[in-house]
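Everything on this sheet refers to the single structure shown next.
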Amino acid sequence: MQFKDYYQILGVNRDAAVEDIKKAYRKLARKYHPDISKEANAEARMKEVNEAYAVLSDTEKRAAYDQLGRGYRPGQEFHPPPDWDAGFEFSTTDAGDFGDFFSQLFGRMGAGRRQTGPFASGGSVHGRGEDHHAKVLLDIEDAFSGATRQVSLRVPRLDAQGRVGLDNRTLNVKIPKGVHEGQIIRLAGQGAPGLGSGKPGDLLLEVHFNPHKSLRVDAANLHMSLPVSPWEAALGAAISVNLFSTVLKVRIPAGTQSGQQLRLRGQGIPSTPPGDLFLDIQVLLPPATSAKAREIYETMARELAFDPRADRRI
């Protein structure tokens, strides 16, 4: 996927004010609108201009785009890094009918939002504030014990000159035990303020986990590589696996091979229902760096009728 420079498409500077962006858009719309344009590529250019304006005219999308797109050139190969949008607080967005670049960046922002419209009472307008959303990264350990964590969010804003900036706000968030990937933690009253006497909206935190050196998360399930010795794999064994504060007893069946997987039901994230723990077996060989080790390997080579490639011959 190629990077799109929305500022270049509209012909404005990166620090352009909102009014300058609107003026540039109107000028290009008059030039490329398919109903009036004489340009050969008017329809494609108008779609490109609409996409650029949909981002740069929206405070939240523009702030996210500015953070993500630094250092990229138009047409350069581009893939959003994992969890690039973590920590951005936003309200809503329309994915629109644009291309892959726009959808990759903004297609999921604002999904599942809930909003109550304003109502009139005694000459005043009242209405519940809009819900805000943010993706947050937690440590997997928190899902096993529960915790209270400090979460920092970046909140897009417009300054007095109509330029986009970011404010930071920090919240103490109670992480429930058993929280799993994709779960929503709702913080009542932490969204947008209401109109008049309307209640404020809520802040919806979508949980994701930081990378872990030994574990991979799949919803409430966990995956872990489990190294075993050749004799444990060949003869079978009962071994211990440490999973945070829990010690699990695992039976390795005789004849286990590298690449096989063991499933421990209910030993994943302790959600409701609990996830499973999948152990990916890796048979590791001890190094033949001593005379005794070499002697053992040479004895095995002589006395074991074993050809690991017997079924691979063509």
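As shown in the structure tokens, the chain order sets the letters A, B, ...; within each chain, residues go from 1, and ligands are also counted from 1 in the order they appear.
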
Would you pick out the contacts of A:Ala234 at 9 Å or less, using only C-alpha atoms, so that residues sharing its chain but fewer than 3 positions from it are not included, and give the list as an mmCIF file with C-alpha atoms, in the first residue's frame?
data_model
loop_
_atom_site.group_PDB
_atom_site.id
_atom_site.type_symbol
_atom_site.label_atom_id
_atom_site.label_comp_id
_atom_site.auth_asym_id
_atom_site.auth_seq_id
_atom_site.Cartn_x
_atom_site.Cartn_y
_atom_site.Cartn_z
ATOM 1 C CA SER A 229 14.371 -32.379 25.823
ATOM 2 C CA PRO A 230 14.645 -35.310 23.381
ATOM 3 C CA TRP A 231 14.148 -37.851 26.190
ATOM 4 C CA ALA A 237 7.297 -36.797 31.007
ATOM 5 C CA PRO A 253 2.921 -37.876 25.809
ATOM 6 C CA ALA A 254 5.590 -40.379 24.717
ATOM 7 C CA GLY A 255 6.573 -39.884 21.086
ATOM 8 C CA THR A 256 5.803 -36.152 21.021
ATOM 9 C CA GLN A 257 7.346 -34.319 18.056
#

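Residues surrounding A:Phe244 within 9 Å are Glu141, Phe144, Asn242, Thr246 and Val247 of chain A [only C-alpha atoms; sequence separation below 2 positions excluded].
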
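Using only C-alpha atoms, the protein and nucleic acid residues lying no more than 8 Å from A:Ala238, apart from those fewer than 3 places from it along its own chain, are Lys249, Val250, Arg251 and Ile252 of chain A.
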
Those same residues, written as an mmCIF file, in the first residue's frame with C-alpha atoms?
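File produced: out_32.cif:
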data_model
loop_
_atom_site.group_PDB
_atom_site.id
_atom_site.type_symbol
_atom_site.label_atom_id
_atom_site.label_comp_id
_atom_site.auth_asym_id
_atom_site.auth_seq_id
_atom_site.Cartn_x
_atom_site.Cartn_y
_atom_site.Cartn_z
ATOM 1 C CA LYS A 249 1.556 -29.635 35.706
ATOM 2 C CA VAL A 250 1.774 -30.733 32.076
ATOM 3 C CA ARG A 251 2.017 -34.296 30.776
ATOM 4 C CA ILE A 252 4.133 -34.737 27.659
#

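Residues surrounding A:His212 within 12 Å are Leu137, Leu138, Asp139, Ile140, Glu141, His208, Arg216, Val217, Leu222, His223 and Met224 of chain A [only C-alpha atoms; sequence separation below 4 positions excluded].
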
Filtering to N, CA and C atoms, could you give me those residues as a CSV table (one decimal), in the first residue's frame?
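Saved as part.csv:
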chain,number,residue,atom,x,y,z
A,137,LEU,N,-3.3,-0.2,25.6
A,137,LEU,CA,-2.5,-1.3,25.7
A,137,LEU,C,-2.1,-1.6,27.1
A,138,LEU,N,-2.4,-2.9,27.6
A,138,LEU,CA,-2.2,-3.3,28.9
A,138,LEU,C,-1.2,-4.5,28.9
A,139,ASP,N,-0.7,-4.8,30.1
A,139,ASP,CA,0.1,-6.0,30.2
A,139,ASP,C,-0.8,-7.2,30.5
A,140,ILE,N,-0.4,-8.3,29.9
A,140,ILE,CA,-1.2,-9.6,30.1
A,140,ILE,C,-1.3,-9.9,31.5
A,141,GLU,N,-0.3,-9.6,32.3
A,141,GLU,CA,-0.4,-10.0,33.7
A,141,GLU,C,-1.6,-9.4,34.4
A,208,HIS,N,-6.3,-3.9,24.5
A,208,HIS,CA,-5.4,-4.8,23.7
A,208,HIS,C,-4.2,-4.9,24.6
A,216,ARG,N,1.5,-15.3,23.3
A,216,ARG,CA,0.8,-14.6,22.3
A,216,ARG,C,-0.7,-14.7,22.6
A,217,VAL,N,-1.4,-13.6,22.5
A,217,VAL,CA,-2.8,-13.5,22.9
A,217,VAL,C,-3.7,-13.7,21.6
A,222,LEU,N,-4.3,-18.2,25.1
A,222,LEU,CA,-2.9,-17.8,25.1
A,222,LEU,C,-2.1,-18.9,24.4
A,223,HIS,N,-1.1,-18.5,23.7
A,223,HIS,CA,-0.2,-19.5,23.0
A,223,HIS,C,1.2,-19.3,23.6
A,224,MET,N,1.9,-20.4,23.8
A,224,MET,CA,3.2,-20.4,24.4
A,224,MET,C,4.1,-21.5,23.8

Query - Between atom CA of A:Leu205 and atom CA of A:Asp100, distance in Å (one decimal) - result: 25.6 Å

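Nearest to A:Lys61 of all the residues A:Glu89, A:Asp83, A:Glu39, A:Glu77 is A:Glu89, based on only C-alpha atoms.
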
Requested in this report: With a distance cut-off of 10 Å and only C-alpha atoms, select the neighbouring residues of stretch 70-73 of chain A, excluding the residue or stretch itself and same-chain residues fewer than 4 positions from it, and output the selection as JSON, numbers by chain.
Outcome: {"A": [2, 3, 4, 5, 65, 66, 77, 78]}
